[in-house]
>>> print(open('target.txt').read())   # compact mmCIF, C-alpha atoms
# COMPACT_ATOMS: atom_id res chain seq x y z
CA PHE K 10 110.03 179.67 90.65
CA LYS K 11 113.25 177.62 90.56
CA THR K 12 111.82 175.31 93.24
CA ILE K 13 108.65 174.76 91.21
CA LEU K 14 110.70 174.12 88.06
CA LYS K 15 112.89 171.60 89.89
CA ARG K 16 109.81 169.89 91.27
CA ASP K 17 108.27 169.66 87.81
CA ASN K 18 111.49 168.21 86.39
CA TRP K 19 111.64 165.67 89.21
CA LYS K 20 108.03 164.72 88.62
CA LYS K 21 108.64 164.32 84.89
CA GLU K 22 111.70 162.17 85.51
CA LEU K 23 109.73 160.01 87.95
CA GLU K 24 106.97 159.54 85.40
CA GLN K 25 109.53 158.53 82.76
CA ARG K 26 111.12 156.00 85.08
CA SER K 27 107.72 154.62 86.01
CA ALA K 28 106.88 154.28 82.30
CA VAL K 29 110.09 152.32 81.70
CA LEU K 30 109.43 150.07 84.67
CA PHE K 31 105.87 149.44 83.55
CA ALA K 32 107.02 148.61 80.04
CA THR K 33 109.36 146.01 81.54
CA TYR K 34 106.50 144.67 83.66
CA GLN K 35 104.27 144.48 80.58
CA GLN K 36 106.86 142.39 78.72
CA SER K 37 107.22 140.09 81.72
CA PHE K 38 103.46 139.73 82.08
CA THR K 39 103.08 138.81 78.40
CA LYS K 40 105.64 136.01 78.80
CA ILE K 41 103.99 134.71 81.98
CA GLU K 42 100.55 134.79 80.39
CA SER K 43 101.87 132.85 77.40
CA GLN K 44 103.54 130.34 79.71
CA TYR K 45 100.23 129.77 81.48
CA GLU K 46 98.22 129.41 78.28
CA ASN K 47 100.68 126.86 76.92
CA ASN K 48 100.81 124.76 80.09
CA GLN K 49 97.48 125.20 81.87
CA ASP K 50 96.14 121.77 80.82
CA SER K 51 99.26 120.00 82.06
CA PRO K 52 101.10 122.30 84.48
CA PRO K 53 104.78 121.51 85.06
CA TYR K 54 105.80 120.82 88.63
CA VAL K 55 108.79 119.64 90.64
CA ARG K 56 109.36 115.92 90.13
CA ASN K 57 109.23 114.99 93.83
CA MET K 58 106.07 116.98 94.49
CA PRO K 59 102.67 115.24 94.64
CA GLU K 60 100.61 116.03 91.54
CA HIS K 61 97.92 118.38 92.86
CA ALA K 62 100.20 120.26 95.26
CA GLY K 63 102.82 120.61 92.51
CA LYS K 64 100.30 122.14 90.11
CA ILE K 65 99.02 124.56 92.73
CA MET K 66 102.57 125.61 93.60
CA TRP K 67 103.18 126.40 89.92
CA LEU K 68 100.02 128.51 89.78
CA ILE K 69 100.94 130.37 92.98
CA HIS K 70 104.35 131.10 91.49
CA LEU K 71 102.81 132.59 88.33
CA TYR K 72 100.24 134.51 90.36
CA ASP K 73 102.89 136.11 92.58
CA LYS K 74 105.10 137.04 89.64
CA VAL K 75 102.21 139.07 88.18
CA ALA K 76 100.45 140.34 91.31
CA ARG K 77 103.33 141.54 93.48
CA PRO K 78 104.95 144.01 91.05
CA LEU K 79 101.53 145.18 89.86
CA ARG K 80 100.58 146.19 93.41
CA GLU K 81 103.90 148.02 93.81
CA PHE K 82 103.01 150.52 91.10
CA ASP K 83 101.44 153.75 92.26
CA ALA K 84 97.73 154.07 91.53
CA SER K 85 98.47 156.91 89.10
CA VAL K 86 100.69 154.56 87.07
CA ARG K 87 98.08 151.79 87.00
CA GLN K 88 95.36 154.26 86.03
CA ASN K 89 97.39 155.80 83.22
CA LYS K 90 95.37 155.37 80.02
CA GLU K 91 98.43 153.93 78.25
CA HIS K 92 98.73 151.24 80.91
CA LYS K 93 95.05 150.58 81.43
CA LYS K 94 94.76 147.73 78.90
CA CYS K 95 97.70 145.84 80.42
CA VAL K 96 96.45 146.37 83.98
CA GLU K 97 92.97 145.08 83.12
CA SER K 98 94.50 142.04 81.37
CA ALA K 99 96.68 141.36 84.41
CA TRP K 100 93.70 141.46 86.79
CA ARG K 101 91.74 139.11 84.50
CA PHE K 102 94.74 136.79 84.39
CA LEU K 103 95.04 136.77 88.19
CA LYS K 104 91.36 135.97 88.54
CA LYS K 105 91.70 133.10 86.05
CA VAL K 106 94.77 131.65 87.81
CA GLY K 107 93.10 131.98 91.21
CA LEU K 108 90.05 130.10 89.94
CA HIS K 109 92.27 127.43 88.39
CA LYS K 110 94.00 126.97 91.75
CA LEU K 111 90.65 126.51 93.51
CA LEU K 112 89.49 123.96 90.92
CA ILE K 113 92.61 121.84 91.41
CA HIS K 114 92.19 122.08 95.18
CA GLU K 115 88.55 120.95 94.91
CA LYS K 116 89.64 118.04 92.73
CA TRP K 117 92.19 117.06 95.37
CA GLU K 118 89.56 117.23 98.13
CA LYS K 119 87.41 114.76 96.17
CA ARG K 120 90.45 112.50 95.91
CA VAL K 121 90.82 112.70 99.69
CA GLU K 122 87.35 111.22 100.01
CA SER K 123 88.16 108.29 97.71
CA SER K 124 91.54 107.76 99.40
CA LYS K 125 89.88 107.67 102.80
CA ALA K 126 87.96 104.60 101.64
CA ALA K 127 91.31 102.80 101.21
CA LEU K 128 91.70 102.91 105.00
CA GLN K 129 88.81 100.47 105.21
CA SER K 130 90.89 97.79 103.49
CA THR K 131 92.24 94.94 105.62
CA LEU K 132 95.72 95.12 107.13
CA LEU K 133 96.94 92.06 105.27
CA THR K 134 96.28 89.97 102.21
CA GLY K 135 97.25 86.36 101.61
CA GLY K 136 97.35 83.43 103.98
CA GLY K 137 96.94 79.73 103.30
CA ASP K 138 98.66 78.94 100.00
CA LYS K 139 99.33 82.61 99.30
CA GLN K 140 102.16 84.61 100.80
CA TRP K 141 101.20 87.19 103.42
CA GLN K 142 101.55 90.83 102.39
CA VAL K 143 100.91 94.15 104.08
CA ASN K 144 97.86 95.69 102.42
CA PHE K 145 98.55 99.41 102.65
CA GLU K 146 97.60 101.65 99.74
CA THR K 147 100.48 103.90 98.62
CA GLU K 148 97.75 106.41 97.77
CA ILE K 149 97.36 107.12 101.49
CA MET K 150 101.00 108.13 101.91
CA THR K 151 100.73 110.27 98.77
CA LEU K 152 97.66 111.94 100.29
CA ILE K 153 99.58 112.63 103.52
CA ARG K 154 102.53 114.13 101.61
CA GLU K 155 100.11 116.24 99.58
CA ALA K 156 98.27 117.44 102.68
CA LYS K 157 101.58 118.59 104.17
CA CYS K 158 102.43 120.51 100.99
CA MET K 159 98.95 122.06 100.85
CA SER K 160 99.25 123.19 104.45
CA ARG K 161 102.67 124.78 103.85
CA MET K 162 101.24 126.70 100.90
CA GLY K 163 98.41 128.02 103.05
CA MET K 164 95.72 125.95 101.35
CA LYS K 165 92.73 124.85 103.41
CA LEU K 166 92.56 121.21 104.53
CA ASN K 167 89.17 119.60 105.00
CA GLU K 168 88.49 117.57 108.14
CA ASN K 169 89.21 114.21 106.50
CA ALA K 170 92.61 115.39 105.29
CA LYS K 171 93.43 116.75 108.77
CA ILE K 172 92.45 113.47 110.42
CA ILE K 173 94.57 111.38 108.04
CA LEU K 174 97.51 113.76 108.40
CA LEU K 175 97.39 113.53 112.19
CA GLN K 176 97.59 109.72 111.94
CA GLU K 177 100.70 109.65 109.74
CA GLU K 178 103.06 108.31 112.42
CA LYS K 179 100.53 105.71 113.53
CA PHE K 180 100.14 104.36 109.98
CA LYS K 181 103.91 104.26 109.48
CA THR K 182 104.41 102.40 112.77
CA TYR K 183 101.71 99.84 111.97
CA TYR K 184 103.05 99.32 108.47
CA ASN K 185 106.61 98.76 109.69
CA GLU K 186 105.47 96.39 112.45
CA LEU K 187 103.37 94.33 110.06
CA ASP K 188 106.10 94.27 107.45
CA TYR K 189 108.59 93.03 110.06
CA LEU K 190 106.22 90.28 111.29
CA ILE K 191 105.51 89.01 107.79
CA LYS K 192 109.16 88.96 106.78
CA GLU K 193 110.21 87.31 110.04
CA TYR K 194 107.51 84.67 109.68
CA GLN K 195 108.64 83.99 106.11
CA ARG K 196 112.29 83.84 107.18
CA ILE K 197 111.54 81.31 109.92
CA SER K 198 109.29 79.24 107.68
CA ASP K 199 111.95 79.07 104.96
CA ARG K 200 114.60 77.88 107.45
CA ILE K 201 112.56 74.96 108.77
CA ARG K 202 113.88 71.69 107.37
CA SER K 203 111.45 69.24 105.84
CA ASN K 204 112.27 66.55 108.41
CA THR K 205 111.38 68.88 111.30
CA ARG K 206 108.41 70.69 109.75
CA GLU K 207 105.90 68.26 111.24
CA ILE K 208 107.23 69.02 114.71
CA VAL K 209 106.68 72.78 114.42
CA LYS K 210 103.57 72.48 112.24
CA PRO K 211 101.18 73.19 115.16
CA HIS K 212 103.08 76.41 115.92
CA LEU K 213 102.98 77.47 112.25
CA GLU K 214 99.24 76.80 112.10
CA ASP K 215 98.79 78.76 115.34
CA LEU K 216 100.66 81.71 113.83
CA GLU K 217 98.52 81.52 110.69
CA THR K 218 95.47 81.65 112.94
CA ARG K 219 96.88 84.68 114.78
CA LEU K 220 97.59 86.47 111.49
CA ARG K 221 94.21 85.71 109.91
CA PRO K 222 92.15 88.53 111.53
CA GLY K 223 94.48 90.97 109.74
CA SER K 224 93.16 89.73 106.41
CA ILE K 225 89.51 89.38 107.40
CA THR K 226 88.27 91.82 110.02
CA LEU K 227 90.96 94.34 110.94
CA THR K 228 91.30 97.51 108.87
CA TRP K 229 93.60 100.54 109.17
CA THR K 230 90.94 102.33 111.22
CA SER K 231 90.40 99.48 113.70
CA MET K 232 90.90 100.30 117.37
CA ASN K 233 92.56 97.03 118.43
CA ILE K 234 95.54 96.86 116.06
CA ASP K 235 98.04 97.17 118.92
CA GLY K 236 96.55 94.12 120.64
CA TYR K 237 96.60 92.21 117.36
CA LEU K 238 100.28 92.99 116.79
CA GLN K 239 101.13 91.87 120.32
CA HIS K 240 99.20 88.62 119.79
CA VAL K 241 101.11 87.89 116.56
CA HIS K 242 104.45 88.75 118.22
CA GLU K 243 103.71 86.21 120.94
CA GLY K 244 102.93 83.51 118.39
CA LEU K 245 106.09 84.32 116.46
CA SER K 246 108.23 84.01 119.58
CA LEU K 247 107.07 80.41 120.02
CA ILE K 248 108.82 79.33 116.81
CA HIS K 249 111.66 81.85 116.71
CA ILE K 250 114.81 80.37 115.20
>>> encode(input="target.txt", output="structure tokens")
Amino acid sequence: FKTILKRDNWKKELEQRSAVLFATYQQSFTKIESQYENNQDSPPYVRNMPEHAGKIMWLIHLYDKVARPLREFDASVRQNKEHKKCVESAWRFLKKVGLHKLLIHEKWEKRVESSKAALQSTLLTGGGDKQWQVNFETEIMTLIREAKCMSRMGMKLNENAKIILLQEEKFKTYYNELDYLIKEYQRISDRIRSNTREIVKPHLEDLETRLRPGSITLTWTSMNIDGYLQHVHEGLSLIHI
């Protein structure tokens, strides 16, 4: 009899503790739900994070803060009629946040498609009377950063995002090479004195000719960029000062 009594007392104490813990969870859930409702249209995210990945990270954070402790409660606690309303609200909230996360991800995937089109732009702009400039959309690097963040968070990457991500180092190398060539060409051109410009004019015109395909036919997806860079390097070496 004493054993049964002790067991009943232990069970009652456990139920009381569970009730206290659930009450604390309920207060926490109410605050989280309010936080979501107030910020869902413009989710806050870490300043250095890309927009879509930052928003998804915020949603994952809210989701985990509600879902993890809820799953830790024993089924008898979740099914308690006094807790039922809160539990049902929590599951509805989790479903809503999960859907919101998927919508943002789908929006990002559509942006990947539009960003991919930027890779069809020419390597350079300018030439003639205009100064040469590397024509690389910053949107591509943002997309690459975002794809990395998405992958770390366990989000699915479509094939286009995977392809662009795999080419990150190649794009960086091409950009740096082109930037160096343009700046070096400008440096040399600026140092040529007016009384000697006519002498080196054929070389300058030759270099302009070598650079021109980068503003007309070559894009960031072209297969012969390495050959083009080598050709420009050779022309630059002819007038190196």
>>> residues_around(input="target.txt", residues="Tyr189 (chain K)", least_positions_apart="6", cutoff="12 Å", atoms="all atoms listed in the file", output="PyMOL selection string")
chain K and resi 141-143+182-183+195-196+238+241-242+245
>>> atom_distance(input="target.txt", atom1="CA of Arg120 (chain K)", atom2="CA of Ile149 (chain K)")
10.4 Å
>>> residues_around(input="target.txt", residues="region 163-173 of chain K", least_positions_apart="2", cutoff="12 Å", atoms="only C-alpha atoms", output="number ranges by chain")
K: 61-62, 65-66, 69, 110-111, 113-115, 117-128, 148-161, 175-181, 229-230
>>> closest_residue(input="target.txt", among="K:Leu133, K:Glu60, K:Phe31, K:Lys105", to="Asp83 (chain K)", atoms="all atoms listed in the file")
K:Phe31
>>> residues_around(input="target.txt", residues="Leu216 (chain K)", least_positions_apart="5", cutoff="10 Å", atoms="all atoms listed in the file", output="PyMOL selection string")
chain K and resi 194+210-211+221+240-248
>>> atom_distance(input="target.txt", atom1="CA of Met58 (chain K)", atom2="CA of Ser130 (chain K)")
26.1 Å
>>> atom_distance(input="target.txt", atom1="CA of Pro52 (chain K)", atom2="CA of Trp67 (chain K)")
7.1 Å
>>> residues_around(input="target.txt", residues="Leu71 (chain K)", least_positions_apart="4", cutoff="12 Å", atoms="all atoms listed in the file", output="PyMOL selection string")
chain K and resi 37-46+48-49+52-53+64-67+75-78+99+102-107+109-110
>>> closest_residue(input="target.txt", among="K:Asp215, K:Leu68, K:Thr205, K:Val96", to="Tyr54 (chain K)", atoms="all atoms listed in the file")
K:Leu68
>>> build_atoms(input="target.txt", residues="region 186-209 of chain K", atoms="N, CA, C and O atoms", output="PDB file, in the frame of the given file")
ATOM      1  N   GLU K 186     105.657  97.550 111.567  1.00  0.00           N
ATOM      2  CA  GLU K 186     105.470  96.390 112.450  1.00  0.00           C
ATOM      3  C   GLU K 186     104.959  95.189 111.670  1.00  0.00           C
ATOM      4  O   GLU K 186     105.466  94.065 111.817  1.00  0.00           O
ATOM      5  N   LEU K 187     103.943  95.418 110.850  1.00  0.00           N
ATOM      6  CA  LEU K 187     103.370  94.330 110.060  1.00  0.00           C
ATOM      7  C   LEU K 187     104.373  93.781 109.056  1.00  0.00           C
ATOM      8  O   LEU K 187     104.481  92.564 108.877  1.00  0.00           O
ATOM      9  N   ASP K 188     105.097  94.680 108.426  1.00  0.00           N
ATOM     10  CA  ASP K 188     106.100  94.270 107.450  1.00  0.00           C
ATOM     11  C   ASP K 188     107.176  93.399 108.119  1.00  0.00           C
ATOM     12  O   ASP K 188     107.605  92.379 107.562  1.00  0.00           O
ATOM     13  N   TYR K 189     107.589  93.807 109.313  1.00  0.00           N
ATOM     14  CA  TYR K 189     108.590  93.030 110.060  1.00  0.00           C
ATOM     15  C   TYR K 189     108.046  91.636 110.399  1.00  0.00           C
ATOM     16  O   TYR K 189     108.736  90.619 110.207  1.00  0.00           O
ATOM     17  N   LEU K 190     106.807  91.556 110.902  1.00  0.00           N
ATOM     18  CA  LEU K 190     106.220  90.280 111.290  1.00  0.00           C
ATOM     19  C   LEU K 190     106.105  89.320 110.115  1.00  0.00           C
ATOM     20  O   LEU K 190     106.427  88.130 110.229  1.00  0.00           O
ATOM     21  N   ILE K 191     105.664  89.848 108.979  1.00  0.00           N
ATOM     22  CA  ILE K 191     105.510  89.010 107.790  1.00  0.00           C
ATOM     23  C   ILE K 191     106.862  88.486 107.308  1.00  0.00           C
ATOM     24  O   ILE K 191     107.015  87.296 107.010  1.00  0.00           O
ATOM     25  N   LYS K 192     107.833  89.371 107.242  1.00  0.00           N
ATOM     26  CA  LYS K 192     109.160  88.960 106.780  1.00  0.00           C
ATOM     27  C   LYS K 192     109.823  87.984 107.748  1.00  0.00           C
ATOM     28  O   LYS K 192     110.496  87.029 107.327  1.00  0.00           O
ATOM     29  N   GLU K 193     109.627  88.203 109.039  1.00  0.00           N
ATOM     30  CA  GLU K 193     110.210  87.310 110.040  1.00  0.00           C
ATOM     31  C   GLU K 193     109.541  85.937 109.985  1.00  0.00           C
ATOM     32  O   GLU K 193     110.202  84.901 110.084  1.00  0.00           O
ATOM     33  N   TYR K 194     108.236  85.937 109.817  1.00  0.00           N
ATOM     34  CA  TYR K 194     107.510  84.670 109.680  1.00  0.00           C
ATOM     35  C   TYR K 194     107.987  83.910 108.451  1.00  0.00           C
ATOM     36  O   TYR K 194     108.230  82.694 108.508  1.00  0.00           O
ATOM     37  N   GLN K 195     108.174  84.617 107.345  1.00  0.00           N
ATOM     38  CA  GLN K 195     108.640  83.990 106.110  1.00  0.00           C
ATOM     39  C   GLN K 195     110.069  83.473 106.272  1.00  0.00           C
ATOM     40  O   GLN K 195     110.407  82.381 105.803  1.00  0.00           O
ATOM     41  N   ARG K 196     110.896  84.258 106.959  1.00  0.00           N
ATOM     42  CA  ARG K 196     112.290  83.840 107.180  1.00  0.00           C
ATOM     43  C   ARG K 196     112.357  82.549 107.999  1.00  0.00           C
ATOM     44  O   ARG K 196     113.082  81.613 107.654  1.00  0.00           O
ATOM     45  N   ILE K 197     111.563  82.496 109.065  1.00  0.00           N
ATOM     46  CA  ILE K 197     111.540  81.310 109.920  1.00  0.00           C
ATOM     47  C   ILE K 197     110.993  80.104 109.168  1.00  0.00           C
ATOM     48  O   ILE K 197     111.549  78.998 109.231  1.00  0.00           O
ATOM     49  N   SER K 198     109.916  80.329 108.434  1.00  0.00           N
ATOM     50  CA  SER K 198     109.290  79.240 107.680  1.00  0.00           C
ATOM     51  C   SER K 198     110.253  78.659 106.643  1.00  0.00           C
ATOM     52  O   SER K 198     110.317  77.444 106.453  1.00  0.00           O
ATOM     53  N   ASP K 199     111.013  79.530 105.982  1.00  0.00           N
ATOM     54  CA  ASP K 199     111.950  79.070 104.960  1.00  0.00           C
ATOM     55  C   ASP K 199     113.119  78.277 105.557  1.00  0.00           C
ATOM     56  O   ASP K 199     113.722  77.439 104.872  1.00  0.00           O
ATOM     57  N   ARG K 200     113.448  78.539 106.822  1.00  0.00           N
ATOM     58  CA  ARG K 200     114.600  77.880 107.450  1.00  0.00           C
ATOM     59  C   ARG K 200     114.252  76.532 108.081  1.00  0.00           C
ATOM     60  O   ARG K 200     115.143  75.785 108.498  1.00  0.00           O
ATOM     61  N   ILE K 201     112.974  76.230 108.173  1.00  0.00           N
ATOM     62  CA  ILE K 201     112.560  74.960 108.770  1.00  0.00           C
ATOM     63  C   ILE K 201     112.819  73.818 107.786  1.00  0.00           C
ATOM     64  O   ILE K 201     112.356  73.847 106.648  1.00  0.00           O
ATOM     65  N   ARG K 202     113.583  72.835 108.230  1.00  0.00           N
ATOM     66  CA  ARG K 202     113.880  71.690 107.370  1.00  0.00           C
ATOM     67  C   ARG K 202     112.659  70.788 107.237  1.00  0.00           C
ATOM     68  O   ARG K 202     111.824  70.714 108.127  1.00  0.00           O
ATOM     69  N   SER K 203     112.612  70.091 106.126  1.00  0.00           N
ATOM     70  CA  SER K 203     111.450  69.240 105.840  1.00  0.00           C
ATOM     71  C   SER K 203     111.270  68.157 106.892  1.00  0.00           C
ATOM     72  O   SER K 203     110.133  67.789 107.222  1.00  0.00           O
ATOM     73  N   ASN K 204     112.379  67.637 107.431  1.00  0.00           N
ATOM     74  CA  ASN K 204     112.270  66.550 108.410  1.00  0.00           C
ATOM     75  C   ASN K 204     111.836  67.034 109.803  1.00  0.00           C
ATOM     76  O   ASN K 204     111.544  66.234 110.685  1.00  0.00           O
ATOM     77  N   THR K 205     111.822  68.345 110.001  1.00  0.00           N
ATOM     78  CA  THR K 205     111.380  68.880 111.300  1.00  0.00           C
ATOM     79  C   THR K 205     110.092  69.705 111.182  1.00  0.00           C
ATOM     80  O   THR K 205     109.573  70.183 112.193  1.00  0.00           O
ATOM     81  N   ARG K 206     109.599  69.854 109.963  1.00  0.00           N
ATOM     82  CA  ARG K 206     108.410  70.690 109.750  1.00  0.00           C
ATOM     83  C   ARG K 206     107.195  70.162 110.497  1.00  0.00           C
ATOM     84  O   ARG K 206     106.394  70.943 111.025  1.00  0.00           O
ATOM     85  N   GLU K 207     107.050  68.834 110.551  1.00  0.00           N
ATOM     86  CA  GLU K 207     105.900  68.260 111.240  1.00  0.00           C
ATOM     87  C   GLU K 207     105.917  68.603 112.727  1.00  0.00           C
ATOM     88  O   GLU K 207     104.865  68.756 113.349  1.00  0.00           O
ATOM     89  N   ILE K 208     107.112  68.733 113.285  1.00  0.00           N
ATOM     90  CA  ILE K 208     107.230  69.020 114.710  1.00  0.00           C
ATOM     91  C   ILE K 208     106.716  70.423 115.036  1.00  0.00           C
ATOM     92  O   ILE K 208     106.042  70.642 116.052  1.00  0.00           O
ATOM     93  N   VAL K 209     107.081  71.381 114.162  1.00  0.00           N
ATOM     94  CA  VAL K 209     106.680  72.780 114.420  1.00  0.00           C
ATOM     95  C   VAL K 209     105.384  73.156 113.704  1.00  0.00           C
ATOM     96  O   VAL K 209     104.935  74.303 113.814  1.00  0.00           O
TER      97      VAL K 209
END
